[in-house]
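**Q** Input: one structure, supplied below.
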Amino acid sequence: MKKWVGIALAVLLVLSLFSGCTKKEASAPAAATASKSEKKETHVTVETKVVSADISDLIKKYKEENEATAKVLKKLGATDEEIKKILPDDSKCATCHPQHFYEWTKSKHYNPVVFSYFAFQSYASDFKKNLDRFPKAKEWDACFRGCHGPTMKYASDKVKDRLYEAFLSDDVENLRGIRVGCITCHSMMVDGELGETYYGTIEDPEAPHGAKFSREMSTSEFCKPCHSKLKIDFVTPEVKEALKMGDYVRCGLNYDAWAQSDVRREKECQYCHMQTIDEPAAEGGKMRIRHRHDFPGPNSPAMMVRAARVNLDAHKMGDVVHVKIEVKNLAEHILPDGCILAAKPVLHVYAYDEKGNQIFYTNETWKVGSYDYQGKFTGSVWKVWEYDTSVMFNPGKWYNFEYKIPYGNAKKVTVKAVMKYHDSKKKEKRPIDPVPSATLRMSNEAVAEVEL
Ligand code: HEC
Ligand code: HEC
Ligand code: HEC
Ligand code: HEC
């Protein structure tokens, strides 16, 4: 039974994702340059009723993770008082906002430390090697204060000084309770401290708790503190020199890329990453424009469809099939973002003969342009001296590729080009959105048949 509710909910999410883009995309700059055939999008009607998912298992898991994290923090010397603030209870929001809770557990904001712990681990080992030189607490504070768990600001210096121990041991798995949670985003990210008034974008909320309107929450400025580069001013010059650190930590750079992109910035982050559904924002509440909270990124094939447009032209030229492919980044920021762990966009090009035998394959890959002090590619986001966006997939730009494929005795050649993500972090079990319905045009792929 539970499974079916889950599937129904998932289908609803996908439908709403696409209705969001068909509804608004018409006036978007990307659509303005689209050809006639591209405008023929299938319209999907959104169901407006709220599907109530059974989220008791999710709440249980949430609580278990928090308990495990509490234990680790205790071991590092945290008091009960500190632990209570570091791990505010987001599960209490689930009773009245089950849909938000369900989606949030699927997002990377739910486990923002453990998802990126490879980066944390390598940082921790640098840290350990230089223990005598690091101003320890300040150092870790930088990772958490804006981004990977703002509530860690309530941890004492004593706890932060010893945090590297957790990152370098099996305890790291138990740091899942450090989150970017409901209470963090809805109070702390607006007020600076955890509070009991929750800010949102409903102008006239009728809530049983403190609720206030915040215009900023519907703008990219709200995402900026966590999704932009961070100045390295938290280590001494000696440590900076010893570790050959750059001037900025360059992990999440989407805001910078968005703010600097040449394409017209008509859409805020929320427009693409928090699509809207017409339904109540709380159990039994009025009809509202509700925002999705699963923050899809490369973990979602449905988002990939929005990330790239692929055009393909193929024709016979002597004894080869001449293929021309154009690819465009439709997101308003560079892909992938500054983190080496981010999934890279890859264009796969295949050709098959009439019997279905593959006669050609190649791929084109974009990468993260992070180089260290020696000009070598680096995966350490705090050691980047040069950040070269020209090797990355830039917004608004067309990329052109040409191939000559010898067809031999084939009578017909089918060429297929598809943009996908190469996930460099295969080990990670990421939540996956269901693949979008086949009736929708996939802008990230194109096929052409050539009769010979
Ligand atoms: C990463 C930050 C973030 C997290 C985490 C987060 N929210 Fe939100 N939430 C937002 C933003 C931003 C909006 C407003 C979006 C807009 O209007 O463009 C919003 C809107 C809302 C609204 C108003 C109705 C709506 O959907 O627009 C409610 C209610 C809400 N969130 C509840 C929750 C709950 C409950 C959780 C935890 C399960 C949660 N949020 C987690 C950022 C967050
Ligand atoms: C007892 C039910 C209940 C609980 C528990 C609850 N909420 Fe709400 N919340 C509501 C209702 C009802 C509204 C108003 C919805 C409306 O007006 O459409 C609301 C509105 C909101 C809004 C929108 C405010 C605005 O002006 O946009 C946010 C944000 C929010 N809640 C966050 C939370 C968070 C975070 C938690 C957990 C700490 C939580 N809520 C717990 C019932 C609840
Ligand atoms: C308090 C900090 C914080 C805020 C505010 C915040 N984020 Fe995030 N976001 C993170 C962290 C941390 C991650 C996980 C990064 C990782 O896995 O290393 C993340 C992940 C994401 C991802 C998933 C990327 C992926 O690889 O799947 C998306 C998309 C995203 N955020 C969009 C947004 C948008 C849009 C907003 C504003 C409405 C926002 N975030 C606000 C901290 C934040
Ligand atoms: C025009 C739509 C659009 C806007 C506006 C937009 N994004 Fe994105 N974003 C995308 C798409 C599409 C992807 C790629 C999805 C995928 O990876 O399949 C993406 C990917 C991401 C990722 C994952 C990066 C990676 O490579 O792993 C993050 C984080 C993110 N966006 C944050 C933001 C933030 C923060 C903003 C606002 C400053 C923003 N986005 C604005 C469409 C958008």
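Labeling convention for the structure tokens: chains A, B, ... as they appear, residues from 1 per chain, ligands from 1 in order of appearance.
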Neighbours of ligand 1 within 7 Å, counting only C-alpha atoms and all ligand atoms, as a PyMOL selection string?
**A** chain A and resi 90+93-94+97+100-102+104+109+180-182+184-186+200-202+217-219+222+270-271+274+281-282+289-293
**Q** Step by step, measure atom-to-atom distances between ligand 3 and each residue using only C-alpha atoms and all ligand atoms, keep those at most 8 Å, then write them as a PyMOL selection string.
**A** chain A and resi 107-109+111-117+146-150+179-180+184-185+189+217-227+251-252+269-270+272-274+295-300+339+341-343
**Q** From a backbone DSSP assignment, name each residue in segment 94-219 of chain A labelled strand (DSSP E or B), as a list in words.
**A**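 Going through segment 94-219 of chain A, the strand (DSSP E or B) residues come out as Thr197, Tyr198, Tyr199, Gly200, Gly210, Ala211, Lys212 and Phe213 of chain A.
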**Q** Using only C-alpha atoms, determine which residues lie at most 10 Å from Lys376 of chain A, disregarding the query and same-chain residues fewer than 6 positions distant; provide the list as a list in words.
**A** Ser370, Val384, Trp385 and Glu386 of chain A
**Q** Grab the residues selected above and save them as a JSON list (two decimals), in the first residue's frame with N, CA and C atoms.
**A**
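Written file, result.json:
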[["chain", "number", "residue", "atom", "x", "y", "z"],
["A", 370, "SER", "N", 39.15, 23.66, -12.34],
["A", 370, "SER", "CA", 39.86, 24.05, -11.11],
["A", 370, "SER", "C", 41.32, 23.64, -11.17],
["A", 384, "VAL", "N", 42.23, 25.99, -5.07],
["A", 384, "VAL", "CA", 42.08, 26.45, -6.44],
["A", 384, "VAL", "C", 42.70, 27.84, -6.63],
["A", 385, "TRP", "N", 43.69, 27.93, -7.48],
["A", 385, "TRP", "CA", 44.32, 29.23, -7.77],
["A", 385, "TRP", "C", 43.74, 29.82, -9.03],
["A", 386, "GLU", "N", 43.43, 28.94, -9.98],
["A", 386, "GLU", "CA", 42.83, 29.45, -11.22],
["A", 386, "GLU", "C", 41.55, 28.70, -11.50]]
**Q** So the first atom is atom CA of Asp313 of chain A and the second is atom CA of Lys416 of chain A; what is the distance between them in Å, to one decimal place?
**A**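 Pair atom CA of Asp313 of chain A / atom CA of Lys416 of chain A returns 10.1 Å.
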**Q** Distance table requested - segment 241-335 of chain A against segment 388-404 of chain A, cut-off 8 Å, only C-alpha atoms: one row per qualifying residue with the closest atom pair and its distance in Å to one decimal, ordered by chain and rising residue number, as CSV.
**A**
residue,atom,partner,partner_atom,distance
A:Ser261,CA,A:Pro395,CA,6.8
A:Asp262,CA,A:Gly396,CA,7.3
A:Val263,CA,A:Gly396,CA,5.7
A:Val320,CA,A:Lys404,CA,5.7
A:Val321,CA,A:Lys404,CA,5.7
A:His322,CA,A:Lys404,CA,4.8
A:Val323,CA,A:Tyr403,CA,5.1
A:Lys324,CA,A:Glu402,CA,4.6
A:Ile325,CA,A:Phe401,CA,5.1
A:Glu326,CA,A:Asn400,CA,4.6
A:Val327,CA,A:Tyr399,CA,5.1
A:Lys328,CA,A:Trp398,CA,4.6
A:Asn329,CA,A:Pro395,CA,4.8
A:Leu330,CA,A:Pro395,CA,6.1
A:Ala331,CA,A:Pro395,CA,6.0
A:Glu332,CA,A:Pro395,CA,5.4
A:His333,CA,A:Pro395,CA,5.5
A:Ile334,CA,A:Asn394,CA,4.7
A:Leu335,CA,A:Phe393,CA,5.1
**Q** Just to be explicit: take each residue in the selection above, keep N, CA and C atoms, and write the result as a short mmCIF file (atom, residue, chain, number, x, y, z; two decimals), in the first residue's frame.
**A**
data_model
loop_
_atom_site.label_atom_id
_atom_site.label_comp_id
_atom_site.auth_asym_id
_atom_site.auth_seq_id
_atom_site.Cartn_x
_atom_site.Cartn_y
_atom_site.Cartn_z
N SER A 261 26.43 35.30 -15.49
CA SER A 261 26.19 34.70 -16.81
C SER A 261 25.70 35.75 -17.81
N ASP A 262 26.03 35.50 -19.09
CA ASP A 262 25.66 36.46 -20.13
C ASP A 262 24.17 36.42 -20.45
N VAL A 263 23.56 35.25 -20.23
CA VAL A 263 22.14 35.14 -20.57
C VAL A 263 21.34 36.03 -19.63
N VAL A 320 30.94 8.45 -46.18
CA VAL A 320 30.74 8.66 -44.74
C VAL A 320 29.38 9.30 -44.48
N VAL A 321 28.93 9.15 -43.24
CA VAL A 321 27.75 9.90 -42.82
C VAL A 321 28.29 11.11 -42.07
N HIS A 322 27.90 12.29 -42.55
CA HIS A 322 28.38 13.52 -41.92
C HIS A 322 27.38 13.96 -40.84
N VAL A 323 27.87 14.05 -39.63
CA VAL A 323 26.98 14.37 -38.50
C VAL A 323 27.35 15.72 -37.92
N LYS A 324 26.33 16.56 -37.73
CA LYS A 324 26.55 17.85 -37.07
C LYS A 324 25.66 17.90 -35.84
N ILE A 325 26.27 18.21 -34.72
CA ILE A 325 25.49 18.26 -33.48
C ILE A 325 25.69 19.62 -32.81
N GLU A 326 24.57 20.17 -32.34
CA GLU A 326 24.65 21.43 -31.58
C GLU A 326 24.09 21.17 -30.19
N VAL A 327 24.78 21.66 -29.19
CA VAL A 327 24.32 21.47 -27.81
C VAL A 327 24.27 22.83 -27.13
N LYS A 328 23.22 23.07 -26.37
CA LYS A 328 23.13 24.34 -25.64
C LYS A 328 22.77 24.09 -24.18
N ASN A 329 23.39 24.85 -23.30
CA ASN A 329 23.08 24.78 -21.87
C ASN A 329 21.89 25.70 -21.58
N LEU A 330 20.80 25.11 -21.12
CA LEU A 330 19.60 25.90 -20.86
C LEU A 330 19.50 26.41 -19.43
N ALA A 331 20.34 25.88 -18.57
CA ALA A 331 20.33 26.37 -17.18
C ALA A 331 20.98 27.75 -17.22
N GLU A 332 20.65 28.59 -16.26
CA GLU A 332 21.22 29.93 -16.32
C GLU A 332 22.56 30.01 -15.60
N HIS A 333 23.16 28.87 -15.35
CA HIS A 333 24.49 28.90 -14.73
C HIS A 333 25.37 27.82 -15.36
N ILE A 334 26.67 27.92 -15.06
CA ILE A 334 27.63 26.96 -15.57
C ILE A 334 27.36 25.58 -14.97
N LEU A 335 27.60 24.54 -15.74
CA LEU A 335 27.53 23.17 -15.24
C LEU A 335 28.84 22.48 -15.59
#
**Q** Go through A:Ile178, A:Met188, A:Ala166, A:Leu58 one by one, measure the shortest atom-to-atom distance of each to ligand 2 using only C-alpha atoms and all ligand atoms, and give the residue with the smallest value.
**A** A:Met188
**Q** Which is closer to Gly246 of chain A than all the others in A:Ala211, A:Ile183, A:Val381, A:Cys143, using only C-alpha atoms?
**A**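 Once distances to Gly246 of chain A are computed over only C-alpha atoms, the minimum belongs to A:Val381.
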**Q** Between A:Asp233, A:Glu206, A:Asp191, A:Asp337, which is the closest to ligand 4 once you count only C-alpha atoms and all ligand atoms?
**A**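 Among A:Asp233, A:Glu206, A:Asp191, A:Asp337, it is A:Asp337 that comes nearest to ligand 4.
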**Q** Can you tell me, as number ranges by chain, what residues are no more than 8 Å from Glu354 of chain A when counting only C-alpha atoms, ignoring any on the same chain fewer than 3 positions away?
**A** A: 357, 410-414
**Q** What's the 10 Å shell around segment 59-75 of chain A, counting only C-alpha atoms, without same-chain residues fewer than 3 positions away, as a PyMOL selection string?
**A** chain A and resi 54-56+78-80+82-84+86-92+94-95+101-102+105+110-111+155+159-160+162-163+166+171-179
**Q** Let's have the selection written as a tab-separated table (two decimals), in the first residue's frame, with C-alpha atoms.
**A**
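Result file is part_23.tsv:
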chain	number	residue	atom	x	y	z
A	54	ASP	CA	2.89	7.60	4.73
A	55	ILE	CA	5.88	9.37	6.14
A	56	SER	CA	6.13	7.63	9.50
A	78	ALA	CA	29.13	18.66	23.38
A	79	THR	CA	26.63	19.39	26.13
A	80	ASP	CA	22.94	18.40	25.87
A	82	GLU	CA	24.39	22.47	22.52
A	83	ILE	CA	23.15	19.26	20.93
A	84	LYS	CA	19.55	20.43	21.15
A	86	ILE	CA	22.62	21.80	16.62
A	87	LEU	CA	19.88	19.26	15.92
A	88	PRO	CA	16.57	21.16	15.93
A	89	ASP	CA	13.61	18.80	15.48
A	90	ASP	CA	12.40	19.24	11.90
A	91	SER	CA	10.27	16.13	12.19
A	92	LYS	CA	7.68	18.11	14.13
A	94	ALA	CA	5.96	16.79	9.19
A	95	THR	CA	2.55	16.51	10.87
A	101	PHE	CA	8.94	16.89	4.61
A	102	TYR	CA	8.69	14.01	2.14
A	105	THR	CA	14.15	13.95	2.69
A	110	TYR	CA	18.71	16.58	4.01
A	111	ASN	CA	22.24	15.09	4.44
A	155	ALA	CA	28.79	23.95	18.82
A	159	VAL	CA	33.68	20.38	19.90
A	160	LYS	CA	34.81	22.00	16.65
A	162	ARG	CA	37.96	17.84	17.71
A	163	LEU	CA	35.65	17.50	14.73
A	166	ALA	CA	34.89	12.29	13.51
A	171	ASP	CA	31.84	8.22	12.94
A	172	VAL	CA	31.54	10.26	9.75
A	173	GLU	CA	28.64	8.04	8.68
A	174	ASN	CA	26.81	9.18	11.78
A	175	LEU	CA	27.02	12.87	11.00
A	176	ARG	CA	23.84	12.67	8.91
A	177	GLY	CA	21.93	14.61	11.53
A	178	ILE	CA	23.81	17.81	10.61
A	179	ARG	CA	21.45	19.25	8.01
**Q** Extract, using only C-alpha atoms, all DNA, RNA and protein residues at most 6 Å from Val418 of chain A, discarding same-chain residues fewer than 4 positions from it, and format them as a PyMOL selection string.
**A** chain A and resi 347-348+444-445
**Q** Output C-alpha atoms for every residue in that selection, as an mmCIF file, in the first residue's frame.
**A**
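Output below, filename part.cif:
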data_model
loop_
_atom_site.group_PDB
_atom_site.id
_atom_site.type_symbol
_atom_site.label_atom_id
_atom_site.label_comp_id
_atom_site.auth_asym_id
_atom_site.auth_seq_id
_atom_site.Cartn_x
_atom_site.Cartn_y
_atom_site.Cartn_z
ATOM 1 C CA LEU A 347 27.448 14.178 -24.735
ATOM 2 C CA HIS A 348 27.234 10.575 -25.976
ATOM 3 C CA ASN A 444 18.587 16.357 -24.121
ATOM 4 C CA GLU A 445 18.503 13.847 -26.952
#
